[in-house]
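Notes to accompany the following structure.
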Amino acid sequence: MIMNYKAVPGRYERTSFVSKSGYEVDIYSDYWKLSKDIGFFLDALPAWLDCNFKHVFKQVLAIYGENCSAGYTLALYRRFKLYFESTDALSLFSPESMISYRSQMADAEWELSSMRAFIRTWVSLGYLGVSSDILKMMESWRIKGNEKGYAVQSMCPENGPLTDIEMEAIVSGVLDCYAIGKLNLRETCFVMILAMTGRRSAQIAALKIKDLRTVGQRYFIDFPRGKQKYEGWRQSFSAFEVVADLWALLQEQAGYVKSAFSDLCGGSIRQSLIPELPLFPAIKHYDVNKGLEVQLAGDFLHARVKEIGDSMSSIKEVIAVISHRTGAYTNINPYRFRYTLGTNLAREGRGEYIIAQALDHSDLQNVGVYVRNIPEIVERIDKAVALQLAPLAQAFQGILVVDETNARRGGDRSSRICSSDGNVGTCGSFGFCGALAPVACYTCSHFQPWLDGPHERLLDELIRERGSVYEGTGDLKIASVNDRLILAVSDVVTRCNAMKSDRTNV
């Protein structure tokens, strides 16, 4: 084994580098902290590796740590660590060992592409330790890319795009739980940004108060771009227009952040620093011994990316939305919202460029999956299908009552909810509601449908209207806008029939 890896004079003189996220890293340290989210130990490399070899490996890895994302650098380290562990000192970086490793990686051959690039960098820098034969052999390989878009094309009910019914249920469940205090403001903002913008968790974590801006009566979020090669943290941005409801939530969050930092700074904060405050701060990392301006210069006070993913897992349990496809709680993760946005745009006939722009991609290589095989929504929902799906979807959130006398607020005539065929139930809420009755009532937790209400006639009317809209427009997206409502009314019809049957038997 070659022991002299220092082929280029002075190459070892570089002892540190600054990561893409702005963290200074000691190259020869056994621990590299590359961003607020990612740090890893390098002392886990096999003990038999020569010290000089480790030094060269770290020098080359430092180039990637400096110019690429922390996640990519960590992935590279892990891939080479696995390769080192699968070989031995005598065959290290030999064609035989790499062929053997390739056979082991048959299910993830695409990982060899980044390893080949790493070896190419190693050789181009003039370091010894890697023969030109192994690079020549790897350059001749045709390496299969990783499978893209399986979850999208298969409409995977666990990790693929959400259906319109599932998305509506999630948004409704989140807002309802926030209104009654089951979800806090921060969690609600996380899930609503994901649902309405499809942005990556890292982009959300990097937001500052100044990224919220208005143009006339329009509201925008300037998202820091993610996965841009050779760009540092928050160096480029893309604007995304949002609705007033999301804007109001984010303004409330910004107000909380200002108040929290004001308290940390003794009751006041310099006005010029307010726009620089993280929209989602990691308050516990604030250092009282350092100036706020210094701490705001990097990403250290921003939320960790992992927190957003973890929040989705806890929100799933809190809102307890049942998927009509699985009969279990609807799985929620940040990627599902991105897949849903791309899929919905494809259904609307948008091209690859528009989809790439909406998802903040720099190229088109990963958006073709949305337009090549567009997963279709349910073309037909008749009465039989609706009655079958209704118990699974659990879109109806209210309580069925025998008649008005058994309802909360039953003695108040103004609480009656009417349809064109007569009264359908009672509203149990004492607050003002501007929603359109009775269609909006069936998915509301305050609704108390009456046993003998004309629910089935309303169901028939909704299904006829759905078919008529589809025939007139040919657009399933428009025709399916009331599908969750149809399932809610179907659930009420099913419950009424069951209760009537029980009462007859008694």
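Order determines the names: the first chain of the structure tokens is A, the second B, and so forth; residues in each chain are numbered 1 upward, and ligands are numbered 1 upward as they are shown.
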
(request) Name all residues at most 7 Å from stretch 408-411 of chain A (count only C-alpha atoms; drop same-chain ones fewer than 3 positions away) and give them as a PyMOL selection string. (result) chain A and resi 404-405+415+426+428

(request) Taking the DSSP assignment computed from this structure's backbone, write out as a list of chain:residue names all residues of stretch 110-237 of chain A that belong to strand (DSSP E or B). (result)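 Here are the strand (DSSP E or B) residues of stretch 110-237 of chain A: A:Lys208, A:Leu212, A:Arg213, A:Thr214, A:Val215, A:Arg218, A:Tyr219, A:Phe220, A:Ile221, A:Asp222, A:Phe223, A:Pro224, A:Phe237.
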
Take the residues from that selection and put them in a file with C-alpha atoms, as a PDB file, in the first residue's frame.
ATOM      1  CA  LYS A 208     -36.672  35.431   8.716  1.00  0.00           C
ATOM      2  CA  LEU A 212     -42.761  38.257   4.700  1.00  0.00           C
ATOM      3  CA  ARG A 213     -43.760  41.138   2.437  1.00  0.00           C
ATOM      4  CA  THR A 214     -46.792  42.707   0.802  1.00  0.00           C
ATOM      5  CA  VAL A 215     -47.303  44.235  -2.625  1.00  0.00           C
ATOM      6  CA  ARG A 218     -51.074  40.703  -2.253  1.00  0.00           C
ATOM      7  CA  TYR A 219     -49.009  38.679   0.214  1.00  0.00           C
ATOM      8  CA  PHE A 220     -45.661  37.013  -0.501  1.00  0.00           C
ATOM      9  CA  ILE A 221     -43.084  34.860   1.227  1.00  0.00           C
ATOM     10  CA  ASP A 222     -39.525  35.152  -0.082  1.00  0.00           C
ATOM     11  CA  PHE A 223     -38.297  31.618   0.505  1.00  0.00           C
ATOM     12  CA  PRO A 224     -34.524  31.073   0.676  1.00  0.00           C
ATOM     13  CA  PHE A 237     -34.666  33.575  -2.940  1.00  0.00           C
TER      14      PHE A 237
END

(message) If we count only C-alpha atoms and set the cut-off at 8 Å, which residues sit around A:Gly453, ignoring sequence neighbours fewer than 5 positions away in its own chain? Please answer as a list in words.
(response)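 Selected residues are Gly422, Asn423, Val424 and Gly425 of chain A.
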
(request) Considering only C-alpha atoms, state which residue in the set A:Ser314, A:Asn344, A:Ser445, A:Ser468 is at the smallest distance from A:Ile332. (result)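 Counting only C-alpha atoms, the residue closest to A:Ile332 is A:Ser314.
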
(message) Report, in Å with one decimal, the straight-line distance from atom CA of A:Pro449 to atom CA of A:Gly181.
(response)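 Separating atom CA of A:Pro449 from atom CA of A:Gly181 is a distance of 25.7 Å.
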
(request) Measuring atom to atom with only C-alpha atoms, identify which of A:Ile119, A:Ile99, A:Leu128, A:Val305 is nearest to A:Ser201. (result) A:Val305

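Atom to atom, atom CA of A:Val481 and atom CA of A:Gln251 stand 29.2 Å apart.
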
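Residues surrounding stretch 316-329 of chain A within 8 Å are Pro157, Glu166, Ala169, Ile170, Gly173, Val174, Cys177, Lys182, Leu183, Met312, Ser313, Ile332, Leu389, Ala390, Leu392, Ala393 and Gln394 of chain A [only C-alpha atoms; sequence separation below 3 positions excluded].
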
Store the residues picked out above in a file with C-alpha atoms, as an mmCIF file, in the first residue's frame.
data_model
loop_
_atom_site.group_PDB
_atom_site.id
_atom_site.type_symbol
_atom_site.label_atom_id
_atom_site.label_comp_id
_atom_site.auth_asym_id
_atom_site.auth_seq_id
_atom_site.Cartn_x
_atom_site.Cartn_y
_atom_site.Cartn_z
ATOM 1 C CA PRO A 157 -51.448 5.951 0.165
ATOM 2 C CA GLU A 166 -57.293 13.874 2.506
ATOM 3 C CA ALA A 169 -59.449 16.890 5.980
ATOM 4 C CA ILE A 170 -55.911 17.692 7.134
ATOM 5 C CA GLY A 173 -58.400 19.227 11.227
ATOM 6 C CA VAL A 174 -55.362 21.451 11.815
ATOM 7 C CA CYS A 177 -57.351 21.776 16.633
ATOM 8 C CA LYS A 182 -54.749 21.306 20.759
ATOM 9 C CA LEU A 183 -52.100 22.641 18.374
ATOM 10 C CA MET A 312 -45.817 16.410 11.290
ATOM 11 C CA SER A 313 -45.679 13.090 13.167
ATOM 12 C CA ILE A 332 -48.258 13.307 7.176
ATOM 13 C CA LEU A 389 -66.336 5.212 1.408
ATOM 14 C CA ALA A 390 -68.064 7.426 3.970
ATOM 15 C CA LEU A 392 -63.641 5.215 6.225
ATOM 16 C CA ALA A 393 -63.248 8.915 5.479
ATOM 17 C CA GLN A 394 -65.017 10.041 8.665
#

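All residues of protein, DNA or RNA that reach within 9 Å of A:Leu400, judged by only C-alpha atoms and not counting those fewer than 4 positions away in the chain, are Ala407, Gly425, Phe447, Gln448, Pro449, Trp450, Leu451, Val492, Arg495 and Cys496 of chain A.
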
(message) When you look at stretch 77-82 of chain A with a cut-off of 7 Å (counting only C-alpha atoms), what residues show up, excluding the ones that are within fewer than 4 positions of it in the same chain? I need them as an NGL selection string.
(response) :A and (45 or 73 or 86)

(request) Between atom CA of A:Phe53 and atom CA of A:Ala108, measure the distance and give it in Å to one decimal. (result)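 Atom CA of A:Ala108 lies at a distance of 26.4 Å from atom CA of A:Phe53.
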
(message) From a backbone DSSP assignment, name each residue in stretch 263-502 of chain A labelled alpha helix (DSSP H), as a ChimeraX atom specification.
(response) /A:263-264,292-296,305-319,334-347,352-358,368-372,383-393,455-473,476-479,483-502

(message) I'd like the contact shell of A:Ser420 - 12 Å cut-off, only C-alpha atoms, skipping same-chain residues fewer than 4 positions apart - returned as a list in words.
(response) Val424, Ala437, Pro438, Val439, Gly453, Pro454, His455, Arg457, Leu458 and Glu461 of chain A

(message) Under the rule that only C-alpha atoms are counted, which of A:Glu293, A:Gln104, A:Gly232, A:Asp164 is the nearest residue to A:Lys20?
(response)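 Nearest candidate to A:Lys20 out of A:Glu293, A:Gln104, A:Gly232, A:Asp164: A:Gly232.
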